[in-house]
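Quick notes on the structure that follows.
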There are 4 protein chains.
Amino acid sequence: MIIVLKPGISKKQESAVLHEIRRLGYRPHVMRGVARTVIGAIGDERTHRSLEVLMTWPQVENVMPVQRRFKLVSREAHPANSTVPVRGHVIGGPKLHVMAGPCSVESEKQLLTTAEAVAAAGATILRGGAFKPRTSPYEFQGLGEKGLKLLDKARRATGLAVITELLSEQHVDLVAEYTDIIQIGTRNAQNFQLLIAAARTGKPILLKRGLAMKIEEWLLAGEYVLANENPNLMFCERGIRSFETYTRNMLDLAAIPIIKQESHLPVVIDPSQGVGRADLVIAMCKGAVAMGADALLIEVHPHPAEAWSDGAQQVTLEQFARLMQELKPFIAAAGRE
Amino acid sequence: MIIVLKPGISKKQESAVLHEIRRLGYRPHVMRGVARTVIGAIGDERTHRSLEVLMTWPQVENVMPVQRRFKLVSREAHPANSTVPVRGHVIGGPKLHVMAGPCSVESEKQLLTTAEAVAAAGATILRGGAFKPRTSPYEFQGLGEKGLKLLDKARRATGLAVITELLSEQHVDLVAEYTDIIQIGTRNAQNFQLLIAAARTGKPILLKRGLAMKIEEWLLAGEYVLANENPNLMFCERGIRSFETYTRNMLDLAAIPIIKQESHLPVVIDPSQGVGRADLVIAMCKGAVAMGADALLIEVHPHPAEAWSDGAQQVTLEQFARLMQELKPFIAAAGRE
Amino acid sequence: MIIVLKPGISKKQESAVLHEIRRLGYRPHVMRGVARTVIGAIGDERTHRSLEVLMTWPQVENVMPVQRRFKLVSREAHPANSTVPVRGHVIGGPKLHVMAGPCSVESEKQLLTTAEAVAAAGATILRGGAFKPRTSPYEFQGLGEKGLKLLDKARRATGLAVITELLSEQHVDLVAEYTDIIQIGTRNAQNFQLLIAAARTGKPILLKRGLAMKIEEWLLAGEYVLANENPNLMFCERGIRSFETYTRNMLDLAAIPIIKQESHLPVVIDPSQGVGRADLVIAMCKGAVAMGADALLIEVHPHPAEAWSDGAQQVTLEQFARLMQELKPFIAAAGRE
Amino acid sequence: MIIVLKPGISKKQESAVLHEIRRLGYRPHVMRGVARTVIGAIGDERTHRSLEVLMTWPQVENVMPVQRRFKLVSREAHPANSTVPVRGHVIGGPKLHVMAGPCSVESEKQLLTTAEAVAAAGATILRGGAFKPRTSPYEFQGLGEKGLKLLDKARRATGLAVITELLSEQHVDLVAEYTDIIQIGTRNAQNFQLLIAAARTGKPILLKRGLAMKIEEWLLAGEYVLANENPNLMFCERGIRSFETYTRNMLDLAAIPIIKQESHLPVVIDPSQGVGRADLVIAMCKGAVAMGADALLIEVHPHPAEAWSDGAQQVTLEQFARLMQELKPFIAAAGRE
């Protein structure tokens with residue numbers, strides 16, 4: 001910790017700060033600058049962060065943490081890129097993966113039609129929500145276990161791997177039985193009990209960024225997964241909240257190079273939630289691929305206008321096939337397969 | 001739903017929209033304006049919202065929902081103010097209540113000292129975290145059941161009622177056994193499974209606003225509680241995320257008159273989380289009282305510098321006693337007791 | 001400046017940083033902590049801030065400024081409260097002032113009716129826009145000099161002082177000739193050339209906060225006024241931009257105690273722009289008064305529905321008179337007149 | 001305008017609304033829905049917007065504008081792409097342009113060295129600030145006219161066109177004399193007087209987005225340029241303000257496809273200001289090119305650590321040359337030259 005003192009304070013006020021720093025288990029180191037005196041408090045901030053309380057002392061101007069708070073997810077801890085194995089596929093390696101499918105699993109016909117189409121267009125992983133977190137209790141909440149069974153059926157029919165969202169600690173075993181990747185959604189990104197329970201299944205985890213999550217907080221939420229002995233984590237940017245009303249969210253593509261710099265884990269981009277408008281999805285995908293995303297998560301529906309959730313952001317089967325074609329030169333330019 | 005068409009589209013493009021509206025179960029009503037044609041789609045938006053998908057049609061400029069999506073929490077549903085009974089106290093009535101206590105329960109001595117002091121100063125409800133949601137897995141996670149037992153002991157010693165946070169569906173019965181009010185924290189404000197489980201205990205619920213939650217979304221999260229047959233809900237504003245870095249969060253005091261206008265339920269303000277600096281707490285409390293808050297939730301600790309969590313935002317016992325004195329004229333000015 | 005080095009770097013990489021610090025004119029001071037090495041760079045950051053460039057060096061983890069960048073507006077520079085004299089009134093003293101009037105000056109009748117009503121209700125300063133910054137070029141842009149003349153007429157008829165907005169360096173002399181306070185609006189809060197020109201007139205300046213301005217940036221914009229030898233500055237909070245759509249802006253009432261802590265200058269609150277809804281203005285005023293605002297800036301119009309700008313946020317003459325009555329107990333509770 | 005009435009209001013309350021709509025010059029059109037009555041108010045919203053005032057009537061739930069407020073910048077007004085001619089170059093055509101150079105013009109040597117290097121690497125336009133808007137009055141404010149003369153010298157030496165920022169209405173003629181493109185910076189994005197004065201020079205205008213500007217507001221600011229008879233406008237996204245602290249701003253790349261959809265004018269991306277960190281600039285450039293940007297604006301400095309402003313975001317000459325190489329496959333993939 002760095003403690004900045006106000007100018008013009010008395011010797012006694014300075015001593016009180018030094019005494020408090022020692023009392024809390026740190027070793028103070030005083031530096032006298034041109035306009036301010038600064039104290040370095042030497043000790044491990046991760047075991048006890050209480051020096052922040054000094055911020056409210058009248059003689060203290062600022063208290064600044066020095067250490068990064070995340071460890072296992074950091075590139076320091078693991079300088080090479082990590083990869084996540086999913087049913088024979090490798091995420092985070094040379095191949096760019098596309099996870100595609102409907103927002104919600106609605107029926108066998110809807111799911112199988114979509115699965116076959118996205119597989120034919122080149123996707124390797126099928127997405128589909130069986131348990132849906134809905135802003136209103138009066139909206140469709142998902143087919144539950146029946147949806148999971150349909151995902152399994154589609155997997156067997158197409159060879160696609162499956163990703164689906166986990167909403168509740170009560171469903172951990174059930175969801176883990178059917179899915180290849182457990183998705184933790186944006187509303188549960190800091191539901192640490194759910195993260196711990198999901199991590200302990202050993203399944204690969206895709207952790208979406210919360211709507212108002214700083215990157216440091218997102219990395220720390222990921223730390224809950226690795227600290228519970230599950231190394232198979234992917235970070236998924238899906239738009240943060242901003243003042244702009246033209247799009248549903250603001251997709252922060254800078255998160256790709258930042259996560260790559262700070263962490264060794266793969267980065268996935270969800271442009272469908274990210275902007276909430278099907279007509280912008282393809283442009284966002286091109287940007288994501290060019291900037292180094294390891295995978296894309298795209299909502300696809302045979303008839304978006306009839307979707308039971310989030311119709312406006314789902315692309316049709318035809319649009320998806322065209323999108324996969326249009327991405328090819330950008331995938332090549334990025335040096336991916 | 002209101003659908004705004006682009007100017008200059010063909011008759012055929014307009015017909016396609018009308019046909020789609022009918023196909024989705026709505027009755028279209030066309031209005032021709034000076035520069036735009038507008039279609040009202042008559043039908044209940046709460047059963048099927050899929051008209052939003054029209055936003056991505058090339059001939060459509062905008063799609064705007066008309067209905068409010070919340071029902072049971074709305075003032076329409078219940079024009080008079082609701083009150084919430086808590087161990088003989090009434091929240092939302094003429095008396096302003098103060099809920100006070102440490103961020104985390106740390107020890108018997110810490111909790112009892114605080115409880116006695118806040119009771120003596122006029123608080124009626126004791127707050128204290130036994131299960132703590134922490135940004136990092138390496139931070140103190142709470143005493144768990146031992147903390148709940150200490151809260152019970154403090155309740156018996158002082159007569160204060162108790163509020164504590166529920167973090168996990170696994171702990172619902174345990175927490176409900178000990179607490180008088182179940183707090184749902186900001187990170188779980190859209191953890192709907194947790195909200196439903198908490199609602200079903202029948203205990204009063206204090207629902208904090210999520211960091212990036214619009215007021216409509218917050219009211220809809222509250223709707224999950226009332227729709228699960230628990231009428232005893234309080235909304236607690238505790239600061240939203242903004243670009244300002246001087247304070248930890250931005251306390252949105254306008255939420256008080258807005259919730260009072262839109263809903264019949266009580267409003268609680270948490271200035272400690274709201275600004276994250278003990279030196280600003282008293283000013284925020286004065287504003288909250290003047291603007292009509294029904295209760296305050298204040299973090300108090302005998303020695304904030306030694307607190308195991310969030311030391312910078314906890315006031316001392318002496319500061320709390322002074323705060324309660326300084327609030328008196330504002331409580332009187334607001335016509336409260 | 002504090003420079004935090006990454007762990008595990010080589011001695012040579014550390015030397016390169018030390019060399020660069022010296023080369024840029026600072027004296028380095030090394031502190032070795034438990035997990036990180038930290039370097040204090042001793043020197044005046046206000047003359048040359050280029051150490052921030054070290055942030056992009058691979059061996060550097062973070063660079064943190066230590067000094068506050070504002071000087072003349074800071075409470076350090078002037079520990080007592082400053083007051084601003086306006087035509088015999090004193091802003092920032094024991095008396096709470098109310099500045100009231102229409103958003104735009106529209107006609108002699110509209111302005112005089114309003115001026116007489118607000119004076120009768122207790123306002124001391126008349127607001128009214130003669131030059132209006134409008135989001136669209138097709139909206140009413142103000143009456144210009146004719147509006148200024150009407151403000152002068154209203155001043156002579158009622159004894160109220162006058163505040164009006166300055167939009168352009170071309171109008172500085174003209175506006176200064178007619179107004180008692182020059183308002184710099186939110187869109188020009190970092191139009192430094194305009195601030196300098198306004199400061200040099202010697203007139204009191206009311207500086208609104210920009211929509212996305214951090215408090216430090218706002219204080220620094222104020223520094224432009226004092227550095228150009230005009231001590232008569234007031235800071236006016238008028239709502240910042242957020243994701244919430246219920247209100248037009250988010251009024252940050254915490255700015256009151258923060259500005260009071262960091263600066264010696266008066267704070268004014270504009271609840272009309274702040275929330276953009278007349279039905280919330282009174283609640284916001286109560287909060288502002290309780291929290292220590294020195295003055296309020298309120299939009300009042302005889303017939304808001306017929307206003308040429310911002311009708312939704314202007315209160316009627318009757319509502320204003322009632323508001324002034326309802327504020328009385330809060331003004332008394334705050335120890336003001 | 002669409003006016004949504006509250007449910008359960010009286011016939012008389014409804015009539016009052018209808019009467020007011022007529023009185024304000026609109027023709028009301030009533031639609032009775034399942035749960036709400038909705039009124040369409042037929043008339044031109046651009047001439048008189050005062051219906052918004054109805055929002056504060058107790059019987060009204062919401063008032064929603066129907067028309068887009070921008071005209072000349074809209075794609076409706078001009079379905080084909082517009083191009084902007086700059087000294088023989090065409091911006092908005094098949095060729096992707098790169099504008100590069102130092103944040104501030106500091107000396108002849110610094111500028112000429114940079115100009116030659118960026119020209120050699122493929123840039124066509126030289127950027128460089130002669131008048132600098134600085135957050136603090138104590139920071140370097142630019143060389144002024146001397147800087148403009150150096151830009152002219154560099155132009156003659158290299159054949160590059162020149163872009164520089166205009167800060168003040170007092171400098172319009174001076175800056176227009178030397179520059180090929182007038183840049184309006186983020187702090188002046190809604191300084192409409194400056195926009196009008198710049199437009200009237202007839203020079204191409206590059207309009208940066210304000211830190212908290214919605215896209216609609218940005219388009220409307222651009223409307224001020226076209227409405228003042230200057231068709232040569234470019235929109236430049238340079239990062240908006242968000243809660244994230246890892247980067248200086250949040251670069252909103254979705255603005256590229258949105259501006260392309262809503263407007264016919266070229267889009268430029270400034271990744272240097274956008275993220276504020278040289279180490280992320282290249283990734284942002286790749287995304288921008290892939291998503292369809294017409295030009296890039298990149299800060300380049302021979303020795304960023306010695307820069308007089310914004311060192312942390314300027315790339316070196318070597319980094320810039322490498323960046324231009326690395327962009328090539330993405331430019332080709334995007335179908336540009």
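In the structure tokens, chains take the letters A, B, ... in the order shown, each chain's residues start at 1, and ligands count up from 1 in the order shown.
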Original post:
Taking only C-alpha atoms into account, which residues of chain A are within 7 Å of chain C, as JSON, numbers by chain?
Top reply: {"A": [4, 33, 34, 42, 43, 44, 66, 241, 242, 243]}
Could those residues be written to a file, using N, CA, C and O atoms, as a PDB file, in the first residue's frame?
```pdb
ATOM      1  N   VAL A   4      -0.555   8.488   0.858  1.00  0.00           N
ATOM      2  CA  VAL A   4      -0.120   9.853   0.550  1.00  0.00           C
ATOM      3  C   VAL A   4      -0.644  10.781   1.643  1.00  0.00           C
ATOM      4  O   VAL A   4      -1.856  10.813   1.903  1.00  0.00           O
ATOM      5  N   GLY A  33       8.704  13.912  -0.718  1.00  0.00           N
ATOM      6  CA  GLY A  33       8.730  14.458  -2.070  1.00  0.00           C
ATOM      7  C   GLY A  33       8.718  15.975  -2.049  1.00  0.00           C
ATOM      8  O   GLY A  33       8.879  16.601  -0.989  1.00  0.00           O
ATOM      9  N   VAL A  34       8.528  16.563  -3.217  1.00  0.00           N
ATOM     10  CA  VAL A  34       8.555  18.012  -3.332  1.00  0.00           C
ATOM     11  C   VAL A  34       7.358  18.634  -2.607  1.00  0.00           C
ATOM     12  O   VAL A  34       7.495  19.560  -1.820  1.00  0.00           O
ATOM     13  N   ILE A  42       4.978  -1.781   3.769  1.00  0.00           N
ATOM     14  CA  ILE A  42       5.482  -3.048   3.245  1.00  0.00           C
ATOM     15  C   ILE A  42       4.822  -4.212   3.977  1.00  0.00           C
ATOM     16  O   ILE A  42       4.844  -4.268   5.206  1.00  0.00           O
ATOM     17  N   GLY A  43       4.236  -5.119   3.215  1.00  0.00           N
ATOM     18  CA  GLY A  43       3.526  -6.265   3.795  1.00  0.00           C
ATOM     19  C   GLY A  43       2.620  -6.833   2.730  1.00  0.00           C
ATOM     20  O   GLY A  43       2.439  -6.212   1.679  1.00  0.00           O
ATOM     21  N   ASP A  44       2.019  -7.975   3.007  1.00  0.00           N
ATOM     22  CA  ASP A  44       1.205  -8.596   1.961  1.00  0.00           C
ATOM     23  C   ASP A  44      -0.230  -8.087   2.022  1.00  0.00           C
ATOM     24  O   ASP A  44      -0.971  -8.374   2.953  1.00  0.00           O
ATOM     25  N   VAL A  66      -0.983  -1.506  -4.270  1.00  0.00           N
ATOM     26  CA  VAL A  66       0.129  -1.724  -5.180  1.00  0.00           C
ATOM     27  C   VAL A  66       0.033  -3.089  -5.858  1.00  0.00           C
ATOM     28  O   VAL A  66       0.347  -3.248  -7.027  1.00  0.00           O
ATOM     29  N   ARG A 241     -22.895  -2.263 -19.557  1.00  0.00           N
ATOM     30  CA  ARG A 241     -23.960  -1.256 -19.574  1.00  0.00           C
ATOM     31  C   ARG A 241     -23.361   0.120 -19.787  1.00  0.00           C
ATOM     32  O   ARG A 241     -22.384   0.493 -19.154  1.00  0.00           O
ATOM     33  N   SER A 242     -23.979   0.907 -20.653  1.00  0.00           N
ATOM     34  CA  SER A 242     -23.537   2.291 -20.841  1.00  0.00           C
ATOM     35  C   SER A 242     -24.767   3.167 -21.014  1.00  0.00           C
ATOM     36  O   SER A 242     -25.900   2.701 -20.945  1.00  0.00           O
ATOM     37  N   PHE A 243     -24.499   4.449 -21.274  1.00  0.00           N
ATOM     38  CA  PHE A 243     -25.582   5.405 -21.461  1.00  0.00           C
ATOM     39  C   PHE A 243     -26.172   5.334 -22.865  1.00  0.00           C
ATOM     40  O   PHE A 243     -27.250   5.887 -23.108  1.00  0.00           O
TER      41      PHE A 243
END
```
Original post:
What lies within 12 Å of D:Val84 using only C-alpha atoms, ignoring chain neighbours under 4 positions off, as an MDAnalysis selection string?
Top reply: chainID D and resid 88:93 97 180:181 202:206 230:235 264:268 294:295
Original post:
Contacts of C:Leu148 at 9 Å or less, counting only C-alpha atoms, minus same-chain residues fewer than 6 places along, as a list of chain:residue names?
Top reply: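 Near C:Leu148, the qualifying residues are C:Val105, C:Gly128, C:Gly129, C:Ala130, C:Phe131, C:Thr164, C:Leu174, C:Val175, C:Tyr178, C:Thr179.
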Now that the selection is made, can you save its residues with N, CA and C atoms as a compact mmCIF listing (two decimals), in the first residue's frame?
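Here's the written file again-v9.txt:
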```
# COMPACT_ATOMS: atom_id res chain seq x y z
N VAL C 105 -35.65 32.73 -22.05
CA VAL C 105 -36.42 33.97 -22.10
C VAL C 105 -37.22 33.94 -23.40
N GLY C 128 -32.50 32.85 -16.74
CA GLY C 128 -33.22 32.88 -18.00
C GLY C 128 -32.20 32.82 -19.13
N GLY C 129 -32.41 31.93 -20.07
CA GLY C 129 -31.44 31.77 -21.16
C GLY C 129 -31.75 32.68 -22.33
N ALA C 130 -30.77 33.47 -22.75
CA ALA C 130 -30.93 34.32 -23.94
C ALA C 130 -30.24 33.67 -25.13
N PHE C 131 -29.12 33.00 -24.86
CA PHE C 131 -28.44 32.18 -25.87
C PHE C 131 -28.56 30.74 -25.40
N THR C 164 -27.30 34.37 -16.51
CA THR C 164 -27.63 33.87 -17.85
C THR C 164 -26.39 33.20 -18.45
N LEU C 174 -20.93 41.41 -24.57
CA LEU C 174 -22.38 41.64 -24.58
C LEU C 174 -23.05 41.03 -23.36
N VAL C 175 -22.76 39.76 -23.10
CA VAL C 175 -23.40 39.09 -21.96
C VAL C 175 -22.95 39.73 -20.65
N TYR C 178 -24.83 42.74 -19.40
CA TYR C 178 -26.20 42.63 -18.86
C TYR C 178 -26.34 41.75 -17.62
N THR C 179 -25.43 40.78 -17.44
CA THR C 179 -25.70 39.79 -16.40
C THR C 179 -24.92 40.08 -15.12
```
